[in-house]
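Raw entry29.txt, compact mmCIF, C-alpha atoms:
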```txt
# COMPACT_ATOMS: atom_id res chain seq x y z
CA MET A 253 169.48 49.34 -42.22
CA LEU A 254 169.81 49.32 -38.43
CA ARG A 255 173.27 50.51 -37.31
CA ILE A 256 174.30 48.86 -34.04
CA ALA A 257 177.39 49.76 -32.02
CA VAL A 258 178.66 46.97 -29.80
CA ILE A 259 180.95 48.45 -27.16
CA ASP A 260 183.28 46.39 -24.98
CA GLY A 261 186.68 46.52 -23.34
CA GLN A 262 189.35 44.34 -21.76
CA GLY A 263 189.50 41.18 -23.94
CA GLY A 264 186.27 41.82 -25.81
CA GLY A 265 184.76 38.47 -24.87
CA ILE A 266 181.29 39.80 -24.10
CA GLY A 267 181.23 42.01 -27.18
CA SER A 268 182.40 39.21 -29.45
CA LEU A 269 179.56 36.96 -28.25
CA ILE A 270 177.06 39.75 -28.87
CA VAL A 271 178.43 40.45 -32.37
CA LYS A 272 178.42 36.75 -33.26
CA ARG A 273 174.80 36.34 -32.19
CA LEU A 274 173.66 39.52 -33.97
CA LYS A 275 175.24 38.36 -37.24
CA GLU A 276 173.77 34.84 -36.86
CA GLU A 277 170.29 36.21 -36.29
CA PHE A 278 170.18 39.24 -38.58
CA SER A 279 173.02 38.64 -41.09
CA ASP A 280 173.24 41.58 -43.47
CA ARG A 281 170.06 43.26 -42.22
CA VAL A 282 172.10 45.08 -39.56
CA GLU A 283 175.40 46.92 -39.68
CA VAL A 284 177.44 46.05 -36.61
CA ILE A 285 180.17 48.48 -35.58
CA ALA A 286 182.63 47.08 -33.05
CA LEU A 287 183.86 49.78 -30.69
CA GLY A 288 186.58 48.67 -28.31
CA THR A 289 188.07 50.57 -25.42
CA ASN A 290 191.30 48.85 -26.53
CA ALA A 291 192.64 47.09 -29.62
CA ALA A 292 192.22 43.58 -28.17
CA ALA A 293 188.49 44.14 -27.62
CA THR A 294 188.02 45.55 -31.13
CA THR A 295 189.99 42.67 -32.68
CA ALA A 296 187.89 40.06 -30.84
CA MET A 297 184.67 41.65 -32.06
CA MET A 298 185.97 41.94 -35.63
CA LYS A 299 186.77 38.21 -35.60
CA SER A 300 183.10 37.64 -34.78
CA ARG A 301 182.18 39.32 -38.10
CA ALA A 302 181.45 42.93 -37.15
CA ASN A 303 181.10 45.05 -40.29
CA LYS A 304 183.45 47.79 -39.07
CA GLY A 305 185.60 48.41 -36.05
CA ALA A 306 187.32 51.26 -34.26
CA THR A 307 189.22 51.64 -31.03
CA GLY A 308 189.55 54.16 -28.24
CA GLU A 309 187.90 57.13 -26.64
CA ASN A 310 187.42 59.28 -29.74
CA ALA A 311 186.00 56.39 -31.79
CA ILE A 312 183.44 55.61 -29.08
CA ILE A 313 182.47 59.26 -28.64
CA TRP A 314 182.17 59.89 -32.40
CA ASN A 315 180.23 56.74 -33.24
CA SER A 316 177.88 56.81 -30.24
CA ALA A 317 176.14 59.78 -31.85
CA LYS A 318 175.89 58.11 -35.27
CA VAL A 319 174.24 54.75 -34.52
CA ASP A 320 170.66 53.65 -33.94
CA MET A 321 171.44 51.29 -31.06
CA ILE A 322 174.23 50.70 -28.54
CA ILE A 323 174.73 47.26 -26.99
CA GLY A 324 177.25 46.26 -24.33
CA PRO A 325 177.73 45.48 -20.67
CA LEU A 326 176.22 47.95 -18.20
CA SER A 327 179.72 48.99 -17.18
CA ILE A 328 180.21 51.00 -20.41
CA ALA A 329 177.96 53.64 -18.81
CA PHE A 330 180.24 54.11 -15.79
CA PRO A 331 183.43 56.17 -15.74
CA ASN A 332 186.51 54.19 -14.68
CA ALA A 333 184.80 50.84 -15.26
CA MET A 334 186.65 47.90 -16.84
CA LEU A 335 189.75 48.52 -14.72
CA GLY A 336 189.78 52.18 -15.75
CA GLU A 337 189.34 51.66 -19.51
CA VAL A 338 186.04 53.57 -19.66
CA THR A 339 186.76 57.28 -19.48
CA ASP A 340 184.39 59.99 -18.26
CA ARG A 341 184.00 61.20 -21.86
CA MET A 342 183.18 57.70 -23.17
CA ALA A 343 180.52 57.08 -20.53
CA SER A 344 179.01 60.52 -21.07
CA ALA A 345 178.83 60.06 -24.86
CA ILE A 346 177.20 56.65 -24.50
CA VAL A 347 174.60 57.77 -21.97
CA SER A 348 173.91 61.04 -23.83
CA SER A 349 173.49 59.38 -27.22
CA ALA A 350 170.01 59.45 -28.74
CA ALA A 351 170.54 55.78 -29.69
CA ARG A 352 168.52 53.10 -27.94
CA LYS A 353 170.76 51.41 -25.38
CA LEU A 354 170.53 47.71 -24.51
CA LEU A 355 172.94 47.18 -21.63
CA LEU A 356 173.57 43.78 -20.09
CA PRO A 357 173.33 43.88 -16.28
CA LEU A 358 176.53 41.99 -15.53
CA ASN A 359 177.97 42.52 -12.06
CA GLN A 360 181.50 43.38 -13.16
CA GLU A 361 181.89 46.63 -11.26
CA GLY A 362 180.22 45.71 -7.99
CA ILE A 363 177.03 47.39 -9.18
CA GLU A 364 173.84 45.41 -8.90
CA ILE A 365 170.45 46.25 -10.37
CA ALA A 366 167.82 45.97 -7.66
CA GLY A 367 165.06 43.62 -8.74
CA GLY A 368 167.07 42.32 -11.67
CA ASP A 369 167.37 38.59 -12.05
CA LYS A 370 170.88 37.24 -12.36
CA GLU A 371 170.94 35.37 -15.64
CA PRO A 372 173.82 33.79 -17.54
CA LEU A 373 175.35 35.79 -20.39
CA PRO A 374 173.80 33.66 -23.18
CA HIS A 375 170.31 34.31 -21.77
CA LEU A 376 170.99 38.05 -21.61
CA ILE A 377 172.15 38.06 -25.23
CA GLU A 378 168.98 36.23 -26.30
CA HIS A 379 166.97 38.90 -24.48
CA VAL A 380 168.82 41.55 -26.54
CA ILE A 381 167.96 39.69 -29.76
CA SER A 382 164.29 39.59 -28.71
CA GLN A 383 164.31 43.32 -27.93
CA ILE A 384 165.70 44.10 -31.39
CA LYS A 385 163.08 41.90 -33.06
CA GLU A 386 160.31 43.58 -31.06
CA SER A 387 161.55 47.03 -32.08
CA GLY A 388 160.41 46.32 -35.65
CA HIS A 389 163.57 47.84 -37.16
CA VAL A 390 164.89 44.57 -38.56
```

Do you think you could lay out the structure here as structure tokens?
Amino acid sequence: MLRIAVIDGQGGGIGSLIVKRLKEEFSDRVEVIALGTNAAATTAMMKSRANKGATGENAIIWNSAKVDMIIGPLSIAFPNAMLGEVTDRMASAIVSSAARKLLLPLNQEGIEIAGGDKEPLPHLIEHVISQIKESGHV
């Protein structure tokens, strides 16, 4: 079974949409672990039917090394992102993880991806679903 960590912060709105769509598409064929930089983000993702959830720096560091895939906004890879919620250690663990990373290029931190098309969040999430299907793991 594919183990997917969905990582988000602040209110968890992006993560909860990702979790909801993953569970709609793949149901019990994936294990979704909600990892929030804060309790509100974790709670929002759990309400969207994540299988498990954990909160904070240590949970993100520990679980990043134990999953097959990490999904979240691009900002989870940058220290001090999300109004300072992403620590240096979190960002390092995420980027250093052997897991495949599917990061949504949302311009939350004033960082833009050159050559990247600006698409609405629902379109980006559908792209993530397509990438998972193409991987052949589900």

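Considering only C-alpha atoms, the residue among A:Glu337, A:Ala351, A:Ala291, A:Asn359 positioned nearest to Leu373 (chain A) is A:Asn359.
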
Would you please work out which residue, of A:Ala302, A:Gln383, A:Leu254, A:Gln262, is nearest to Leu335 (chain A) when using all atoms listed in the file?
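Residue with the minimum atom-to-atom distance to Leu335 (chain A): A:Gln262.
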
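Proximity ranking of A:Ile384, A:Ala292, A:Ala343, A:Ile259 relative to Leu274 (chain A) places A:Ile384 first, based on only C-alpha atoms.
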
Please, what distance in Å, to one decimal, runs between CA of Pro374 (chain A) and CA of Val284 (chain A)?
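CA of Val284 (chain A) lies at a distance of 18.6 Å from CA of Pro374 (chain A).
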
Could you tell me which of A:Lys385, A:Lys318, A:Lys272, A:Lys370 comes closest to Ala345 (chain A) if we count only C-alpha atoms?
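Going through A:Lys385, A:Lys318, A:Lys272, A:Lys370 one by one, the smallest distance to Ala345 (chain A) is for A:Lys318.
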
Calculate how many Å separate CA of Ile346 (chain A) from CA of Ser316 (chain A), rounding to one decimal.
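Separation of CA of Ile346 (chain A) and CA of Ser316 (chain A): 5.8 Å.
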
Work out how far CA of Leu326 (chain A) is from CA of Lys353 (chain A), in Å to one decimal.
9.7 Å

For Pro325 (chain A), the nearest of the candidates A:Ala350, A:Val390, A:Val380, A:Ala366, counting only C-alpha atoms:
A:Val380

(181.9, 49.7, -34.5) in this file's frame - what residues fall within 7 Å of it? Use only C-alpha atoms and give the answer as JSON, numbers by chain.
{"A": [257, 258, 284, 285, 286, 287, 304, 305, 306]}

Do you know which residues are at most 10 Å from Gly263 (chain A) counting all atoms listed in the file, after dropping those on the same chain fewer than 3 positions away, and could you put them as a PDB file with C-alpha atoms, in the coordinates of the input?
```
ATOM      1  CA  ASP A 260     183.280  46.390 -24.980  1.00  0.00           C
ATOM      2  CA  ILE A 266     181.290  39.800 -24.100  1.00  0.00           C
ATOM      3  CA  GLY A 267     181.230  42.010 -27.180  1.00  0.00           C
ATOM      4  CA  SER A 268     182.400  39.210 -29.450  1.00  0.00           C
ATOM      5  CA  GLY A 288     186.580  48.670 -28.310  1.00  0.00           C
ATOM      6  CA  THR A 289     188.070  50.570 -25.420  1.00  0.00           C
ATOM      7  CA  ASN A 290     191.300  48.850 -26.530  1.00  0.00           C
ATOM      8  CA  ALA A 291     192.640  47.090 -29.620  1.00  0.00           C
ATOM      9  CA  ALA A 292     192.220  43.580 -28.170  1.00  0.00           C
ATOM     10  CA  ALA A 293     188.490  44.140 -27.620  1.00  0.00           C
ATOM     11  CA  THR A 294     188.020  45.550 -31.130  1.00  0.00           C
ATOM     12  CA  THR A 295     189.990  42.670 -32.680  1.00  0.00           C
ATOM     13  CA  ALA A 296     187.890  40.060 -30.840  1.00  0.00           C
ATOM     14  CA  MET A 297     184.670  41.650 -32.060  1.00  0.00           C
TER      15      MET A 297
END
```

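When all atoms listed in the file are used to measure the gap to Ile377 (chain A), the shortest distance among A:Ile256, A:Ile270, A:Gly336, A:Asn310 belongs to A:Ile270.
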
Quick one: residues within 12 Å of Arg341 (chain A), all atoms listed in the file counted, chain neighbours fewer than 3 positions away excluded, as an mmCIF file with C-alpha atoms, keeping the file's coordinate frame?
```cif
data_model
loop_
_atom_site.group_PDB
_atom_site.id
_atom_site.type_symbol
_atom_site.label_atom_id
_atom_site.label_comp_id
_atom_site.auth_asym_id
_atom_site.auth_seq_id
_atom_site.Cartn_x
_atom_site.Cartn_y
_atom_site.Cartn_z
ATOM 1 C CA THR A 289 188.070 50.570 -25.420
ATOM 2 C CA GLY A 308 189.550 54.160 -28.240
ATOM 3 C CA GLU A 309 187.900 57.130 -26.640
ATOM 4 C CA ASN A 310 187.420 59.280 -29.740
ATOM 5 C CA ALA A 311 186.000 56.390 -31.790
ATOM 6 C CA ILE A 312 183.440 55.610 -29.080
ATOM 7 C CA ILE A 313 182.470 59.260 -28.640
ATOM 8 C CA TRP A 314 182.170 59.890 -32.400
ATOM 9 C CA SER A 316 177.880 56.810 -30.240
ATOM 10 C CA ILE A 328 180.210 51.000 -20.410
ATOM 11 C CA ALA A 329 177.960 53.640 -18.810
ATOM 12 C CA PHE A 330 180.240 54.110 -15.790
ATOM 13 C CA PRO A 331 183.430 56.170 -15.740
ATOM 14 C CA ASN A 332 186.510 54.190 -14.680
ATOM 15 C CA GLU A 337 189.340 51.660 -19.510
ATOM 16 C CA VAL A 338 186.040 53.570 -19.660
ATOM 17 C CA SER A 344 179.010 60.520 -21.070
ATOM 18 C CA ALA A 345 178.830 60.060 -24.860
ATOM 19 C CA ILE A 346 177.200 56.650 -24.500
ATOM 20 C CA VAL A 347 174.600 57.770 -21.970
ATOM 21 C CA SER A 348 173.910 61.040 -23.830
ATOM 22 C CA SER A 349 173.490 59.380 -27.220
#
```

Would you fill out region 327-354 of chain A with N, CA and C atoms and return it as a tab-separated table (two decimals), in the frame of the given file?
```
chain	number	residue	atom	x	y	z
A	327	SER	N	178.54	48.24	-17.62
A	327	SER	CA	179.72	48.99	-17.18
A	327	SER	C	180.18	50.05	-18.17
A	328	ILE	N	179.78	49.97	-19.45
A	328	ILE	CA	180.21	51.00	-20.41
A	328	ILE	C	179.61	52.36	-20.08
A	329	ALA	N	178.60	52.39	-19.20
A	329	ALA	CA	177.96	53.64	-18.81
A	329	ALA	C	178.58	54.26	-17.57
A	330	PHE	N	179.63	53.63	-17.02
A	330	PHE	CA	180.24	54.11	-15.79
A	330	PHE	C	181.70	54.50	-15.98
A	331	PRO	N	182.03	55.76	-15.66
A	331	PRO	CA	183.43	56.17	-15.74
A	331	PRO	C	184.32	55.28	-14.87
A	332	ASN	N	185.49	54.98	-15.37
A	332	ASN	CA	186.51	54.19	-14.68
A	332	ASN	C	186.20	52.70	-14.60
A	333	ALA	N	185.13	52.26	-15.24
A	333	ALA	CA	184.80	50.84	-15.26
A	333	ALA	C	185.82	50.10	-16.11
A	334	MET	N	185.75	48.78	-16.09
A	334	MET	CA	186.65	47.90	-16.84
A	334	MET	C	188.11	48.21	-16.51
A	335	LEU	N	188.39	48.25	-15.22
A	335	LEU	CA	189.75	48.52	-14.72
A	335	LEU	C	190.28	49.86	-15.20
A	336	GLY	N	189.38	50.83	-15.36
A	336	GLY	CA	189.78	52.18	-15.75
A	336	GLY	C	189.74	52.44	-17.24
A	337	GLU	N	189.35	51.47	-18.05
A	337	GLU	CA	189.34	51.66	-19.51
A	337	GLU	C	188.24	52.61	-19.98
A	338	VAL	N	187.13	52.68	-19.26
A	338	VAL	CA	186.04	53.57	-19.66
A	338	VAL	C	186.31	54.95	-19.06
A	339	THR	N	186.50	55.92	-19.94
A	339	THR	CA	186.76	57.28	-19.48
A	339	THR	C	185.45	58.02	-19.21
A	340	ASP	N	185.56	59.15	-18.52
A	340	ASP	CA	184.39	59.99	-18.26
A	340	ASP	C	183.72	60.38	-19.58
A	341	ARG	N	184.53	60.75	-20.57
A	341	ARG	CA	184.00	61.20	-21.86
A	341	ARG	C	183.30	60.07	-22.60
A	342	MET	N	183.83	58.85	-22.53
A	342	MET	CA	183.18	57.70	-23.17
A	342	MET	C	181.81	57.47	-22.55
A	343	ALA	N	181.77	57.36	-21.23
A	343	ALA	CA	180.52	57.08	-20.53
A	343	ALA	C	179.49	58.17	-20.80
A	344	SER	N	179.92	59.41	-20.81
A	344	SER	CA	179.01	60.52	-21.07
A	344	SER	C	178.45	60.45	-22.50
A	345	ALA	N	179.29	60.15	-23.47
A	345	ALA	CA	178.83	60.06	-24.86
A	345	ALA	C	177.84	58.92	-25.04
A	346	ILE	N	178.09	57.80	-24.39
A	346	ILE	CA	177.20	56.65	-24.50
A	346	ILE	C	175.84	56.97	-23.88
A	347	VAL	N	175.85	57.48	-22.67
A	347	VAL	CA	174.60	57.77	-21.97
A	347	VAL	C	173.84	58.90	-22.64
A	348	SER	N	174.54	59.88	-23.20
A	348	SER	CA	173.91	61.04	-23.83
A	348	SER	C	173.43	60.78	-25.26
A	349	SER	N	173.87	59.70	-25.85
A	349	SER	CA	173.49	59.38	-27.22
A	349	SER	C	171.97	59.20	-27.34
A	350	ALA	N	171.45	59.64	-28.48
A	350	ALA	CA	170.01	59.45	-28.74
A	350	ALA	C	169.71	58.00	-29.10
A	351	ALA	N	170.73	57.19	-29.33
A	351	ALA	CA	170.54	55.78	-29.69
A	351	ALA	C	169.86	55.02	-28.56
A	352	ARG	N	169.08	54.01	-28.94
A	352	ARG	CA	168.52	53.10	-27.94
A	352	ARG	C	169.68	52.29	-27.36
A	353	LYS	N	169.68	52.13	-26.05
A	353	LYS	CA	170.76	51.41	-25.38
A	353	LYS	C	170.23	50.12	-24.76
A	354	LEU	N	170.84	49.01	-25.11
A	354	LEU	CA	170.53	47.71	-24.51
A	354	LEU	C	171.78	47.28	-23.76
```
